[in-house]
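*Asks:* Pasting in a structure now, in structure tokens, and then I'll have a few things to ask.
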There are 2 protein chains.
Amino acid sequence: MDKEFSNIRIVDIAKMAGVSVGTVDRVIHNRGRVSEENRKKVQAILEMVHYQPNLMARSLASKKQYHFVAITPSFAQGEYWEAISEGIDKAASEMESYNITITKLFFDQYNNKTFDDIVRNLLDEKVDGVLIATLFTDSVIRLSRELDRFEIPYIYVDSNIEGQHQLAYFGTESYDAGVIAARLLTDRISPASDILMARIVHSGKNDSNQGRNRREGFCRYLKEMGFTGNLHEVELKINDSVYNFTKLDEIFESNPNIEGTVIFNSTCYILGNYLKARAMQSVKLVGYDLIERNTQLLSEGVITALVAQRPERQGYEGIKSLCNHLLFKQHSEKVNLMPIDILLKENLKYYLNNKL
Amino acid sequence: MDKEFSNIRIVDIAKMAGVSVGTVDRVIHNRGRVSEENRKKVQAILEMVHYQPNLMARSLASKKQYHFVAITPSFAQGEYWEAISEGIDKAASEMESYNITITKLFFDQYNNKTFDDIVRNLLDEKVDGVLIATLFTDSVIRLSRELDRFEIPYIYVDSNIEGQHQLAYFGTESYDAGVIAARLLTDRISPASDILMARIVHSGKNDSNQGRNRREGFCRYLKEMGFTGNLHEVELKINDSVYNFTKLDEIFESNPNIEGTVIFNSTCYILGNYLKARAMQSVKLVGYDLIERNTQLLSEGVITALVAQRPERQGYEGIKSLCNHLLFKQHSEKVNLMPIDILLKENLKYYLNNKL
DNA sequence: TTATCGTGTGTGTGCGCACACATTATTGCT
DNA sequence: AGCAATAATGTGTGCGCACACACACGATAA
């Protein structure tokens with residue numbers, strides 16, 4: 001459509017406006033002093049011809065450096081947050097030639113103090129954009145205020161926070177992710193059976209927003225479909241399988257009617273390992289996220305289904321949108337919802353090497 | 001890792017080798033005459049320092065034009081093949097600044113003569129790469145031979161053909177897509193109910209590879225899971241709903257035990273429209289592809305599940321891999337399998353605006 | 001010898017842009 | 001009026017590369 005305009009250069013603009021390339025340059029970059037008269041003339045022509053700078057030439061000539069900071073939870077290999085980090089790396093390597101560097105900062109997802117700590121000295125060096133995993137709502141809001149003050153654009157990933165000035169959000173609608181888990185589970189259990197919802201607790205950590213919203217969506221779906229079974233709940237510990245096994249033995253013994261189980265985050269392998277050890281093939285389990293410990297159990301049939309949310313893409317697109325904003329002056333949607341993928345034993349393998 | 005080398009320019013190489021930039025240029029591009037002695041010296045240095053040309057500078061300076069041709073079925077708005085075409089366009093616009101032009105050629109998917117026709121004059125103009133939708137195996141093989149002869153790289157999309165010299169294939173494993181449909185359907189019907197497999201026939205067109213392989217996977221899954229119901233088959237006509245309704249009325253009347261239905265391509269809306277008109281909510285339908293006529297029925301609950309295969313991405317990555325091969329000298333995997341997405345009413349909306 | 005050719009090699013120009021710098025126009029001030 | 005200070009504008013250089021061209025040299029033929 002505007003292919004016809006794509007070859008117009010700065011010199012052409014200059015000629016049309018009857019000024020020199022220097023003046024056009026000043027108008028384009030808002031630098032230096034240009035008479036109001038000329039500024040208007042050039043602006044008009046720029047818009048009229050849809051001037052698109054040649055990005056190749058620009059990045060060749062420009063010595064400008066952009067520095068982005070990505071703030072995410074730290075992770076061990078194979079854990080959930082590794083995926084987002086991979087997406088960030090992918091974007092970083094793609095954008096390498098545009099003189100972009102990315103610093104990755106990590107905090108402890110179970111300790112919001114660590115978030116505040118790494119953020120404190122964030123602005124000591126020059127920062128042009130920030131990507132934030134929004135686990136600690138209050139801390140993130142505080143940081144956002146400060147970034148607003150310095151007019152530094154920032155991106156949210158994982159879960160959104162309303163009422164802030166984030167450039168964009170990349171993630172899912174947790175509520176719907178809960179609905180989908182309910183749909184998947186109820187497809188596989190008898191109508192009047194019971195369901196067990198397990199929570200993994202950590203010392204000193206309250207439930208995440210994500211988890212709460214997913215649970216809400218899950219329960220809502222059950223209610224709306226007229227589910228008549230009982231809902232049980234249990235708290236498990238992340239690193240205490242002895243405790244977990246005892247607890248679960250108790251529950252399943254006293255509630256033999258439980259056919260379905262669910263955990264609202266990536267730690268569903270904990271319950272999966274129990275079901276596998278006890279050979280309870282008839283009990284269905286639905287969980288979240290494409291991490292190795294889960295995919296293993298999914299392919300063995302222990303986990304019935306996983307709900308996944310493209311964390312790699314969240315990181316990738318988050319960084320990309322910073323670039324689009326700063327380098328290419330084009331803005332993206334403020335809310336970008338990732339597809340909520342349904343993974344079964346049968347389609348798992350096609351997702352494993354296809355993360356982006 | 002090799003970041004340290006990324007700033008080495010041609011002049012640096014030249015200096016190291018004690019020759020001029022012209023000579024280095026000749027070695028890099030195998031053009032012109034260079035003494036064996038100098039060629040070796042320069043080659044050695046190029047490899048030693050992992051010389052990576054600056055692509056920005058290269059595409060700025062280069063007047064070279066690349067011309068790709070994409071051969072796919074023609075389509076009306078909202079039909080399946082539109083998606084692949086969109087992916088091609090996306091890649092085209094991203095690669096625009098690298099002096100790449102893409103010609104899209106269309107054939108009638110129900111008439112392989114039309115394929116042969118448009119291919120006949122393909123090489124009249126200069127062609128640097130071809131993307132082929134492989135519906136007509138024999139014709140595609142003939143074309144591949146010719147492209148081999150002229151050493152023009154080509155990409156297959158949609159379904160793969162073994163034993164050819166395609167640069168890469170982007171698509172799915174149809175067999176597994178059939179397995180998944182079976183899994184989805186059997187999750188929702190009673191164990192001893194019947195299943196109806198419908199085929200949409202066109203005048204003069206035999207079954208596609210895709211359809212046949214999906215059907216095979218579907219039946220295999222049923223057999224392996226010990227499905228005990230009966231399998232019925234019916235042939236419907238693409239543009240004759242009177243005929244279809246009569247036929248289907250007959251079948252459902254004489255087989256009240258049918259709880260599940262399946263169509264192995266994107267035309268499942270045809271059966272969906274029947275089920276909707278007859279208000280047969282209890283009959284489940286699984287079909288393929290995220291096209292508008294289907295998504296409408298999916299969101300209404302008429303279609304139970306859709307299996308989709310990212311056609312946009314097939315087109316996009318197909319073109320991209322041609323670029324990677326020709327421009328950037330980096331090669332991709334020969335077989336690239338897309339994720340097989342499972343779409344339910346509940347997660348549909350997140351896929352609609354998220355095609356790439 | 002001189003003219004002609006082929007082969008190897010080096011130099012120069014421009015792609016479109018950013019940015020430093022040089023130059024000119026305009027204003028304020030004594 | 002004259003001169004500095006400042007605003008406005010124009011010019012030049014280089015980013016890294018591709019590619020056309022100029023040049024040097026030896027071999028060969030006239």
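Identifiers in this document derive from the order of the structure tokens: chains are assigned A, B, ..., residues are numbered from 1 separately in each chain, and ligands are numbered from 1 in order of occurrence.
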Restrict the distance test to only C-alpha atoms (C1' of nucleotides), flag each residue of chain C within 6 Å of chain A, and return the flagged residues as a list of chain:residue names.
*Replies:*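 Listing them in order of chain and number gives C:DG16, C:DC17, C:DA18.
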*Asks:* Store the residues of this selection in a file with C-alpha atoms (C1' of nucleotides), as a PDB file, in the first residue's frame.
*Replies:*
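Here's the written file again_33.pdb:
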ATOM      1  C1'  DG C  16      20.792   6.387   4.183  1.00  0.00           C
ATOM      2  C1'  DC C  17      21.523   8.054   8.189  1.00  0.00           C
ATOM      3  C1'  DA C  18      23.405  10.482  12.808  1.00  0.00           C
TER       4       DA C  18
END
*Asks:* Quick one: residues within 10 Å of Ala17 of chain A, only C-alpha atoms (C1' of nucleotides) counted, chain neighbours fewer than 5 positions away excluded, as a list in words?
*Replies:* Val11, Asp12, Thr23, Val24, Asn38, Arg39, Lys40, Lys41, Val42, Gln43, Ala44, Ile45 and Leu46 of chain A
*Asks:* Should the cut-off be 7 Å, what would the residue list for chain A against chain B look like, counting only C-alpha atoms, as a list in words?
*Replies:* Met56, Ala57, Leu60, Ile180, Asp187, Arg188, Leu337, Met338, Pro339, Ile340, Asp341, Ile342, Glu346, Asn347, Tyr350, Tyr351 and Asn354 of chain A
*Asks:* Selected residues, C-alpha atoms, written as an mmCIF file, in the first residue's frame, please.
*Replies:*
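New file part-v2.cif:
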data_model
loop_
_atom_site.group_PDB
_atom_site.id
_atom_site.type_symbol
_atom_site.label_atom_id
_atom_site.label_comp_id
_atom_site.auth_asym_id
_atom_site.auth_seq_id
_atom_site.Cartn_x
_atom_site.Cartn_y
_atom_site.Cartn_z
ATOM 1 C CA MET A 56 19.579 -0.378 8.533
ATOM 2 C CA ALA A 57 21.171 2.922 7.801
ATOM 3 C CA LEU A 60 24.678 1.706 11.116
ATOM 4 C CA ILE A 180 -9.877 -24.179 31.500
ATOM 5 C CA ASP A 187 -14.167 -33.852 31.120
ATOM 6 C CA ARG A 188 -12.340 -36.778 32.653
ATOM 7 C CA LEU A 337 -2.876 -11.926 26.361
ATOM 8 C CA MET A 338 -0.966 -15.045 25.526
ATOM 9 C CA PRO A 339 -2.771 -18.107 24.236
ATOM 10 C CA ILE A 340 -3.627 -20.556 26.992
ATOM 11 C CA ASP A 341 -2.283 -23.813 25.639
ATOM 12 C CA ILE A 342 -3.742 -27.159 26.542
ATOM 13 C CA GLU A 346 -0.704 -36.705 22.830
ATOM 14 C CA ASN A 347 0.344 -33.226 21.737
ATOM 15 C CA TYR A 350 5.214 -30.697 19.585
ATOM 16 C CA TYR A 351 5.480 -28.035 22.216
ATOM 17 C CA ASN A 354 8.688 -25.000 19.861
#
*Asks:* Taking only residues of chain D that have an atom at most 7 Å from an atom of chain A, what is each one's shortest atom pair and its distance in Å to one decimal, using only C-alpha atoms (C1' of nucleotides), in chain and number order, as a Markdown table?
*Replies:*
| residue | atom | partner | partner_atom | distance |
| --- | --- | --- | --- | --- |
| D:DA8 | C1' | A:Val34 | CA | 6.2 |
| D:DT9 | C1' | A:Thr23 | CA | 6.9 |
| D:DG10 | C1' | A:Ser20 | CA | 6.2 |
| D:DC15 | C1' | A:Ala61 | CA | 4.7 |
*Asks:* Tell me which protein, DNA and RNA residues are within 12 Å of DA27 of chain D, counting only C-alpha atoms (C1' of nucleotides), leaving out same-chain ones fewer than 3 positions away, and put them as a list in words.
*Replies:*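 Close residues of DA27 of chain D: DT4, DC5, DG6 and DT7 of chain C.
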*Asks:* Pick out the residues sitting within 9 Å of DT27 of chain C, and hand them over as a PyMOL selection string; count only C-alpha atoms (C1' of nucleotides), and ignore anything fewer than 5 positions along from it in its own chain.
*Replies:* chain D and resi 5-7
*Asks:* Using atom CA of Asn213 of chain B and atom CA of Ala133 of chain B as the two end points, give the distance in Å to one decimal.
*Replies:*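 Atom CA of Ala133 of chain B lies at a distance of 16.8 Å from atom CA of Asn213 of chain B.
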*Asks:* Using only C-alpha atoms, find the one residue out of A:Ile84, A:Ile303, A:Met197, A:Ala279 that sits nearest to Phe170 of chain A.
*Replies:* A:Ile84
*Asks:* As a compact mmCIF listing (two decimals) with C-alpha atoms, in the first residue's frame, which residues of segment 63-144 of chain B does DSSP assign to helix (DSSP H, G or I)?
*Replies:*
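Okay, this is what ended up in result_9.txt:
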# COMPACT_ATOMS: atom_id res chain seq x y z
CA TYR B 80 -8.00 -22.11 5.65
CA TRP B 81 -5.37 -21.14 3.16
CA GLU B 82 -5.77 -17.50 3.91
CA ALA B 83 -3.86 -18.11 7.11
CA ILE B 84 -0.73 -19.42 5.43
CA SER B 85 -0.88 -16.51 3.07
CA GLU B 86 -0.99 -14.12 6.00
CA GLY B 87 2.10 -15.69 7.46
CA ILE B 88 3.87 -15.22 4.16
CA ASP B 89 2.86 -11.58 4.07
CA LYS B 90 4.08 -11.04 7.59
CA ALA B 91 7.48 -12.43 6.75
CA ALA B 92 7.53 -10.41 3.56
CA SER B 93 6.92 -7.16 5.35
CA GLU B 94 9.53 -7.94 7.99
CA GLU B 96 11.18 -5.82 3.11
CA SER B 97 14.29 -3.86 3.95
CA TYR B 98 16.50 -6.70 2.82
CA ASN B 112 -3.98 -30.28 -9.97
CA LYS B 113 -3.94 -29.12 -13.58
CA THR B 114 -3.99 -25.57 -12.26
CA PHE B 115 -0.91 -26.30 -10.22
CA ASP B 116 0.97 -27.59 -13.23
CA ASP B 117 -0.16 -24.58 -15.21
CA ILE B 118 1.19 -21.90 -12.93
CA VAL B 119 4.38 -23.84 -12.40
CA ARG B 120 5.10 -24.13 -16.09
CA LEU B 122 7.74 -20.26 -13.09
CA LEU B 123 11.35 -20.00 -14.13
CA ASP B 124 10.82 -17.46 -16.88
CA THR B 137 2.41 -34.92 -4.42
CA ASP B 138 3.29 -35.93 -7.95
CA SER B 139 3.24 -32.42 -9.31
CA VAL B 140 5.31 -31.18 -6.43
CA ILE B 141 7.91 -33.86 -7.00
CA ARG B 142 8.15 -32.93 -10.66
CA LEU B 143 8.63 -29.30 -9.72
CA SER B 144 11.22 -30.21 -7.12
*Asks:* Enumerate the residues of segment 229-273 of chain B with a DSSP assignment of strand (DSSP E), computed from the backbone, and present them as a list of chain:residue names.
*Replies:* B:Leu231, B:His232, B:Glu233, B:Val234, B:Glu235, B:Leu236, B:Lys237, B:Ile258, B:Glu259, B:Gly260, B:Thr261, B:Val262, B:Ile263
*Asks:* Can you pull out the residues contacting His165 of chain B? Cut-off 9 Å, using only C-alpha atoms (C1' of nucleotides), and skip same-chain residues under 3 positions away; I want them as a list in words.
*Replies:*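 Contacts, with the query itself left out: Ser144, Arg145, Asp148, Pro153, Tyr154, Glu162 and Ala168 of chain B.
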*Asks:* Include N, CA and C atoms and write out the residues we just selected as a short mmCIF file (atom, residue, chain, number, x, y, z; two decimals), in the first residue's frame.
*Replies:*
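Wrote it out as selection.cif, contents follow:
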data_model
loop_
_atom_site.label_atom_id
_atom_site.label_comp_id
_atom_site.auth_asym_id
_atom_site.auth_seq_id
_atom_site.Cartn_x
_atom_site.Cartn_y
_atom_site.Cartn_z
N SER B 144 10.00 -30.14 -7.94
CA SER B 144 11.22 -30.21 -7.12
C SER B 144 12.41 -30.63 -7.97
N ARG B 145 12.19 -31.59 -8.84
CA ARG B 145 13.28 -32.04 -9.73
C ARG B 145 13.86 -30.85 -10.51
N ASP B 148 15.73 -28.51 -8.34
CA ASP B 148 17.03 -29.11 -8.05
C ASP B 148 18.01 -28.81 -9.19
N PRO B 153 16.61 -23.25 -4.03
CA PRO B 153 16.10 -23.88 -2.80
C PRO B 153 14.58 -23.77 -2.71
N TYR B 154 13.96 -24.77 -2.11
CA TYR B 154 12.51 -24.74 -1.95
C TYR B 154 12.08 -25.32 -0.61
N GLU B 162 8.67 -37.17 1.63
CA GLU B 162 9.99 -37.73 1.92
C GLU B 162 10.82 -37.87 0.65
N ALA B 168 13.61 -27.28 3.75
CA ALA B 168 12.97 -27.52 5.05
C ALA B 168 11.49 -27.77 4.85
#
*Asks:* For Ser241 of chain B, which residue out of B:Cys219, B:Leu131, B:Ala277, B:Ile263 is the nearest one, using only C-alpha atoms?
*Replies:* B:Ala277
*Asks:* If you measure from atom CA of Met95 of chain B to atom CA of Ile13 of chain B, what distance in Å do you get, rounded to one decimal?
*Replies:* 28.8 Å
*Asks:* Provide the atom CA of Ser193 of chain B to atom CA of Asn230 of chain B distance in Å, to one decimal place.
*Replies:*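 Calculated distance between atom CA of Ser193 of chain B and atom CA of Asn230 of chain B is 7.3 Å.
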